[in-house]
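Below: final_29.pdb (PDB, C-alpha atoms)
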```
MODEL        1
ATOM      1  CA  MET A 906      25.094 -35.656  -1.578  1.00  0.00           C
ATOM      2  CA  MET A 907      22.430 -33.411  -3.031  1.00  0.00           C
ATOM      3  CA  THR A 908      20.991 -30.534  -1.024  1.00  0.00           C
ATOM      4  CA  THR A 909      17.807 -28.628  -1.713  1.00  0.00           C
ATOM      5  CA  ALA A 910      17.185 -25.039  -0.797  1.00  0.00           C
ATOM      6  CA  ASN A 911      14.048 -24.123   1.080  1.00  0.00           C
ATOM      7  CA  VAL A 912      12.417 -21.842  -1.496  1.00  0.00           C
ATOM      8  CA  GLN A 913       9.882 -19.302  -0.284  1.00  0.00           C
ATOM      9  CA  ILE A 914       6.916 -19.273  -2.643  1.00  0.00           C
ATOM     10  CA  ASP A 915       4.521 -16.995  -0.778  1.00  0.00           C
ATOM     11  CA  TRP A 916       4.310 -13.245  -1.098  1.00  0.00           C
ATOM     12  CA  LYS A 917       4.390 -11.293   2.175  1.00  0.00           C
ATOM     13  CA  PHE A 918       1.653  -8.692   2.628  1.00  0.00           C
ATOM     14  CA  ARG A 919       1.892  -5.743   5.009  1.00  0.00           C
ATOM     15  CA  ILE A 920      -1.335  -3.800   5.460  1.00  0.00           C
ATOM     16  CA  LEU A 921      -0.762  -0.120   6.145  1.00  0.00           C
ATOM     17  CA  LEU A 922      -4.418   0.947   6.206  1.00  0.00           C
ATOM     18  CA  GLN A 923      -7.547  -1.137   6.730  1.00  0.00           C
ATOM     19  CA  ASP A 924     -10.896   0.618   6.495  1.00  0.00           C
ATOM     20  CA  ASP A 925     -13.888  -1.638   7.148  1.00  0.00           C
ATOM     21  CA  ARG A 926     -16.897   0.309   5.884  1.00  0.00           C
ATOM     22  CA  PRO A 927     -20.515  -0.880   5.859  1.00  0.00           C
ATOM     23  CA  ARG A 928     -20.475  -1.800   2.154  1.00  0.00           C
ATOM     24  CA  ARG A 929     -16.807  -2.443   1.470  1.00  0.00           C
ATOM     25  CA  LEU A 930     -13.445  -3.261   2.966  1.00  0.00           C
ATOM     26  CA  ILE A 931     -10.545  -1.102   1.769  1.00  0.00           C
ATOM     27  CA  LEU A 932      -6.943  -2.247   2.138  1.00  0.00           C
ATOM     28  CA  GLU A 933      -3.766  -0.369   1.347  1.00  0.00           C
ATOM     29  CA  GLY A 934      -0.297  -1.732   1.854  1.00  0.00           C
ATOM     30  CA  HIS A 935       2.734  -3.214   0.259  1.00  0.00           C
ATOM     31  CA  VAL A 936       3.761  -6.684  -0.664  1.00  0.00           C
ATOM     32  CA  SER A 937       7.138  -8.390  -0.904  1.00  0.00           C
ATOM     33  CA  PRO A 938       7.757 -11.076  -3.515  1.00  0.00           C
ATOM     34  CA  PRO A 939       9.414 -14.389  -2.645  1.00  0.00           C
ATOM     35  CA  TYR A 940      12.582 -13.197  -4.395  1.00  0.00           C
ATOM     36  CA  GLU A 941      14.955 -10.272  -4.003  1.00  0.00           C
ATOM     37  CA  ARG A 942      13.675  -7.087  -5.655  1.00  0.00           C
ATOM     38  CA  PRO A 943      16.254  -4.907  -7.409  1.00  0.00           C
ATOM     39  CA  TYR A 944      14.287  -1.799  -6.406  1.00  0.00           C
ATOM     40  CA  HIS A 945      14.409   0.192  -3.201  1.00  0.00           C
ATOM     41  CA  ASP A 946      10.754   1.233  -3.227  1.00  0.00           C
ATOM     42  CA  PRO A 947       8.063  -1.177  -2.002  1.00  0.00           C
ATOM     43  CA  LEU A 948       5.410  -2.692  -4.259  1.00  0.00           C
ATOM     44  CA  TYR A 949       2.172  -1.016  -3.146  1.00  0.00           C
ATOM     45  CA  PHE A 950      -1.312  -2.408  -3.563  1.00  0.00           C
ATOM     46  CA  TYR A 951      -4.807  -1.037  -3.101  1.00  0.00           C
ATOM     47  CA  ALA A 952      -7.701  -3.480  -2.720  1.00  0.00           C
ATOM     48  CA  VAL A 953     -11.448  -3.060  -2.278  1.00  0.00           C
ATOM     49  CA  MET A 954     -13.783  -5.896  -1.360  1.00  0.00           C
ATOM     50  CA  GLY A 955     -17.429  -5.146  -1.978  1.00  0.00           C
ATOM     51  CA  ARG A 956     -20.491  -7.291  -1.542  1.00  0.00           C
ATOM     52  CA  ASP A 957     -19.793  -9.303  -4.704  1.00  0.00           C
ATOM     53  CA  TYR A 958     -16.375  -8.250  -5.990  1.00  0.00           C
ATOM     54  CA  LEU A 959     -12.705  -7.866  -5.106  1.00  0.00           C
ATOM     55  CA  SER A 960     -10.720  -5.243  -7.008  1.00  0.00           C
ATOM     56  CA  LEU A 961      -6.967  -4.822  -6.843  1.00  0.00           C
ATOM     57  CA  GLU A 962      -4.554  -2.199  -8.154  1.00  0.00           C
ATOM     58  CA  VAL A 963      -0.801  -2.791  -8.358  1.00  0.00           C
ATOM     59  CA  SER A 964       2.099  -1.233 -10.227  1.00  0.00           C
ATOM     60  CA  ARG A 965       2.395  -2.183 -13.871  1.00  0.00           C
ATOM     61  CA  ASP A 966       5.859  -3.655 -13.720  1.00  0.00           C
ATOM     62  CA  PHE A 967       7.524  -7.051 -13.506  1.00  0.00           C
ATOM     63  CA  ASP A 968       6.659  -7.525  -9.820  1.00  0.00           C
ATOM     64  CA  GLY A 969       3.063  -6.357 -10.227  1.00  0.00           C
ATOM     65  CA  GLU A 970       2.542  -8.822 -13.067  1.00  0.00           C
ATOM     66  CA  ARG A 971       4.115 -11.656 -11.027  1.00  0.00           C
ATOM     67  CA  LEU A 972       1.834 -10.808  -8.078  1.00  0.00           C
ATOM     68  CA  LEU A 973      -1.222 -11.056 -10.325  1.00  0.00           C
ATOM     69  CA  ASP A 974       0.008 -14.407 -11.679  1.00  0.00           C
ATOM     70  CA  TYR A 975       0.354 -15.612  -8.068  1.00  0.00           C
ATOM     71  CA  LEU A 976      -3.154 -14.422  -7.164  1.00  0.00           C
ATOM     72  CA  PHE A 977      -4.676 -15.892 -10.335  1.00  0.00           C
ATOM     73  CA  GLY A 978      -3.326 -19.261  -9.195  1.00  0.00           C
ATOM     74  CA  LEU A 979      -5.011 -18.867  -5.795  1.00  0.00           C
ATOM     75  CA  LEU A 980      -8.232 -17.007  -6.649  1.00  0.00           C
ATOM     76  CA  GLY A 981      -8.733 -18.091 -10.243  1.00  0.00           C
ATOM     77  CA  GLN A 982      -8.729 -16.020 -13.382  1.00  0.00           C
ATOM     78  CA  PRO A 983     -11.002 -12.974 -13.364  1.00  0.00           C
ATOM     79  CA  GLU A 984     -13.732 -12.741 -15.997  1.00  0.00           C
ATOM     80  CA  GLU A 985     -11.859  -9.902 -17.726  1.00  0.00           C
ATOM     81  CA  PRO A 986      -8.087  -9.498 -18.123  1.00  0.00           C
ATOM     82  CA  PRO A 987      -6.270  -6.823 -16.102  1.00  0.00           C
ATOM     83  CA  ARG A 988      -6.684  -3.277 -17.385  1.00  0.00           C
ATOM     84  CA  THR A 989      -3.917  -0.705 -17.486  1.00  0.00           C
ATOM     85  CA  GLN A 990      -4.551   2.715 -15.984  1.00  0.00           C
ATOM     86  CA  VAL A 991      -2.113   5.392 -17.046  1.00  0.00           C
ATOM     87  CA  GLY A 992      -1.965   8.703 -15.184  1.00  0.00           C
ATOM     88  CA  GLY A 993      -1.203  11.970 -16.905  1.00  0.00           C
ATOM     89  CA  ARG A 994      -0.386  11.679 -20.595  1.00  0.00           C
ATOM     90  CA  GLN A 995      -1.673   8.588 -22.348  1.00  0.00           C
ATOM     91  CA  ASP A 996       1.674   7.958 -24.070  1.00  0.00           C
ATOM     92  CA  GLU A 997       3.576   7.960 -20.780  1.00  0.00           C
ATOM     93  CA  GLU A 998       3.527   4.725 -18.788  1.00  0.00           C
ATOM     94  CA  GLU A 999       5.508   5.919 -15.768  1.00  0.00           C
ATOM     95  CA  GLY A1000       3.371   5.158 -12.724  1.00  0.00           C
ATOM     96  CA  ALA A1001       0.910   2.990 -14.649  1.00  0.00           C
ATOM     97  CA  LEU A1002      -1.274   0.610 -12.654  1.00  0.00           C
ATOM     98  CA  LEU A1003      -2.772  -2.784 -13.377  1.00  0.00           C
ATOM     99  CA  LEU A1004      -6.399  -3.091 -12.288  1.00  0.00           C
ATOM    100  CA  VAL A1005      -8.118  -6.429 -11.906  1.00  0.00           C
ATOM    101  CA  GLU A1006     -11.504  -7.424 -10.550  1.00  0.00           C
ATOM    102  CA  TRP A1007     -12.814 -10.770  -9.390  1.00  0.00           C
ATOM    103  CA  ARG A1008     -16.601 -11.221  -9.203  1.00  0.00           C
ATOM    104  CA  PHE A1009     -18.309 -13.704  -6.885  1.00  0.00           C
ATOM    105  CA  PRO A1010     -21.855 -14.330  -5.614  1.00  0.00           C
ATOM    106  CA  ALA A1011     -22.863 -11.990  -2.780  1.00  0.00           C
ATOM    107  CA  ASP A1012     -23.427 -14.980  -0.499  1.00  0.00           C
ATOM    108  CA  GLY A1013     -19.797 -16.013  -1.173  1.00  0.00           C
ATOM    109  CA  ARG A1014     -18.286 -12.852   0.357  1.00  0.00           C
ATOM    110  CA  ASP A1015     -17.394 -14.497   3.685  1.00  0.00           C
ATOM    111  CA  ALA A1016     -15.611 -17.350   1.902  1.00  0.00           C
ATOM    112  CA  MET A1017     -13.699 -14.858  -0.278  1.00  0.00           C
ATOM    113  CA  LEU A1018     -12.758 -12.837   2.805  1.00  0.00           C
ATOM    114  CA  ARG A1019     -11.415 -15.974   4.525  1.00  0.00           C
ATOM    115  CA  ARG A1020      -9.456 -16.851   1.377  1.00  0.00           C
ATOM    116  CA  LEU A1021      -7.974 -13.342   1.270  1.00  0.00           C
ATOM    117  CA  GLU A1022      -7.022 -13.633   4.958  1.00  0.00           C
ATOM    118  CA  GLU A1023      -5.183 -16.893   4.189  1.00  0.00           C
ATOM    119  CA  ILE A1024      -3.321 -15.285   1.290  1.00  0.00           C
ATOM    120  CA  MET A1025      -2.375 -12.176   3.291  1.00  0.00           C
ATOM    121  CA  GLY A1026      -1.620 -14.134   6.455  1.00  0.00           C
ATOM    122  CA  GLN A1027      -3.717 -11.940   8.762  1.00  0.00           C
ATOM    123  CA  SER A1028      -7.259 -11.301   9.930  1.00  0.00           C
ATOM    124  CA  LEU A1029      -9.221  -8.722   7.943  1.00  0.00           C
ATOM    125  CA  ALA A1030     -12.602  -8.859   9.678  1.00  0.00           C
ATOM    126  CA  GLY A1031     -13.848  -6.651  12.470  1.00  0.00           C
ATOM    127  CA  ALA A1032     -11.587  -3.632  12.028  1.00  0.00           C
ATOM    128  CA  ALA A1033     -13.005  -0.328  13.150  1.00  0.00           C
ATOM    129  CA  PRO A1034     -13.335   2.181  10.272  1.00  0.00           C
ATOM    130  CA  GLY A1035      -9.983   3.806   9.584  1.00  0.00           C
ATOM    131  CA  LYS A1036      -8.221   1.637  12.146  1.00  0.00           C
ATOM    132  CA  GLN A1037      -4.555   1.005  11.510  1.00  0.00           C
ATOM    133  CA  PRO A1038      -3.558  -2.682  11.689  1.00  0.00           C
ATOM    134  CA  GLY A1039      -2.141  -3.449  15.106  1.00  0.00           C
ATOM    135  CA  GLN A1040      -3.730  -0.337  16.630  1.00  0.00           C
ATOM    136  CA  GLU A1041      -5.275  -0.970  20.040  1.00  0.00           C
ATOM    137  CA  GLU A1042      -8.925  -0.199  20.765  1.00  0.00           C
ATOM    138  CA  GLN A1043      -9.424   2.855  23.012  1.00  0.00           C
TER     139      GLN A1043
ENDMDL
END
```

Take the structure in the file and write it out as C-alpha cells.
Amino acid sequence: MMTTANVQIDWKFRILLQDDRPRRLILEGHVSPPYERPYHDPLYFYAVMGRDYLSLEVSRDFDGERLLDYLFGLLGQPEEPPRTQVGGRQDEEEGALLLVEWRFPADGRDAMLRRLEEIMGQSLAGAAPGKQPGQEEQ
C-alpha cells in the first residue's frame, strides 16, 4: 500500500511591523519556508506597496531566492530581474539583499493588496500608522 505525505507548499509570513501611511504600506517581518531551514536565524523581509508598485527585499541566499521563485509563481515575473544590494565593501557579499519590484496600474492597487493578503494569510488593510499586528486599538 502506497502512502503519500502531506507536503506543505506555502511559505508562512509573520509580520512584525505594519505601517499604513497615506501613500504606501510598509511591512517588515520574517517568513518560514515550507521546508526545514538549517539556520537558526529567521529569513527577514521588508516590503513597500505604493500606489503602483510593490517592492520587496530579502536576504541573498538559498532561502531568499526560493522565496522569490515562489512569489514569481503567484505574482508573475517583474519587468526587471532582482537586483543585488551589497552593504559595505562591494567585494563582500555578507549581508547582501535581493531587491525586486513589481509594477501594476494604480487602479489595480486594491487587487494587488488582496493578492498579497492571500499570500501572507492575513489582513493588511486598515492598520493605524506604526501599529503592531495584533495590537488592540486604544

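Closest approach to Asp924 (chain A) among A:Met954, A:Leu980, A:Met1025, A:Val936: A:Met954, based on all atoms listed in the file.
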
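Applied to the file shown here, the PyMOL selection byres ((chain A and resi 1001-1006) around 8) selects Tyr958, Leu959, Ser960, Leu961, Glu962, Val963, Ser964, Arg965, Gly969, Pro983, Glu984, Glu985, Pro986, Pro987, Arg988, Thr989, Gln990, Val991, Gly992, Glu998, Glu999, Gly1000, Trp1007 and Arg1008 of chain A.
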
- Message: If we draw a sphere of 9 Å around (-4.4, -13.7, -0.9), which residues have at least one atom in it when counting only C-alpha atoms? Please report them as a ChimeraX atom specification.
- Response: /A:916,918,975-976,979-980,1020-1026

For C-alpha atoms, I'd like the residues from the last selection saved as a PDB file, in the coordinates of the input.
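Contents of selection.pdb, as written:
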```pdb
ATOM      1  CA  TRP A 916       4.310 -13.245  -1.098  1.00  0.00           C
ATOM      2  CA  PHE A 918       1.653  -8.692   2.628  1.00  0.00           C
ATOM      3  CA  TYR A 975       0.354 -15.612  -8.068  1.00  0.00           C
ATOM      4  CA  LEU A 976      -3.154 -14.422  -7.164  1.00  0.00           C
ATOM      5  CA  LEU A 979      -5.011 -18.867  -5.795  1.00  0.00           C
ATOM      6  CA  LEU A 980      -8.232 -17.007  -6.649  1.00  0.00           C
ATOM      7  CA  ARG A1020      -9.456 -16.851   1.377  1.00  0.00           C
ATOM      8  CA  LEU A1021      -7.974 -13.342   1.270  1.00  0.00           C
ATOM      9  CA  GLU A1022      -7.022 -13.633   4.958  1.00  0.00           C
ATOM     10  CA  GLU A1023      -5.183 -16.893   4.189  1.00  0.00           C
ATOM     11  CA  ILE A1024      -3.321 -15.285   1.290  1.00  0.00           C
ATOM     12  CA  MET A1025      -2.375 -12.176   3.291  1.00  0.00           C
ATOM     13  CA  GLY A1026      -1.620 -14.134   6.455  1.00  0.00           C
TER      14      GLY A1026
END
```

- Between CA of Asp946 (chain A) and CA of Ser1028 (chain A), distance in Å (one decimal): 25.6 Å

- Task: Fewer than 5 positions away in the same chain doesn't count, so skip those; otherwise give me all residues within 8 Å of Pro938 (chain A), counting all atoms listed in the file, as an MDAnalysis selection string.
- Result: chainID A and resid 915:917 968 972

- Report the distance between CA of Arg929 (chain A) and CA of Arg956 (chain A) in Å, rounded to one decimal place. 6.8 Å

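Between CA of Phe950 (chain A) and CA of Pro927 (chain A) there is a distance of 21.4 Å.
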
Axis-aligned box for all listed atoms of region 940-959 of chain A, 8 Å per side, centre and edges in Å to one decimal, as JSON:
```
{"center_x": -2.1, "center_y": -6.0, "center_z": -4.4, "size_x": 52.7, "size_y": 30.4, "size_z": 22.0}
```

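If only C-alpha atoms are the atoms counted, then among A:Leu973, A:Ile920, A:Glu941, A:Leu1029 the closest residue to Met1017 (chain A) is A:Leu1029.
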
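Those residues returned by the PyMOL selection byres ((chain A and resi 932) around 7) for this file are Ile920, Leu922, Gln923, Asp924, Leu930, Ile931, Glu933, Gly934, Tyr951, Ala952 and Val953 of chain A.
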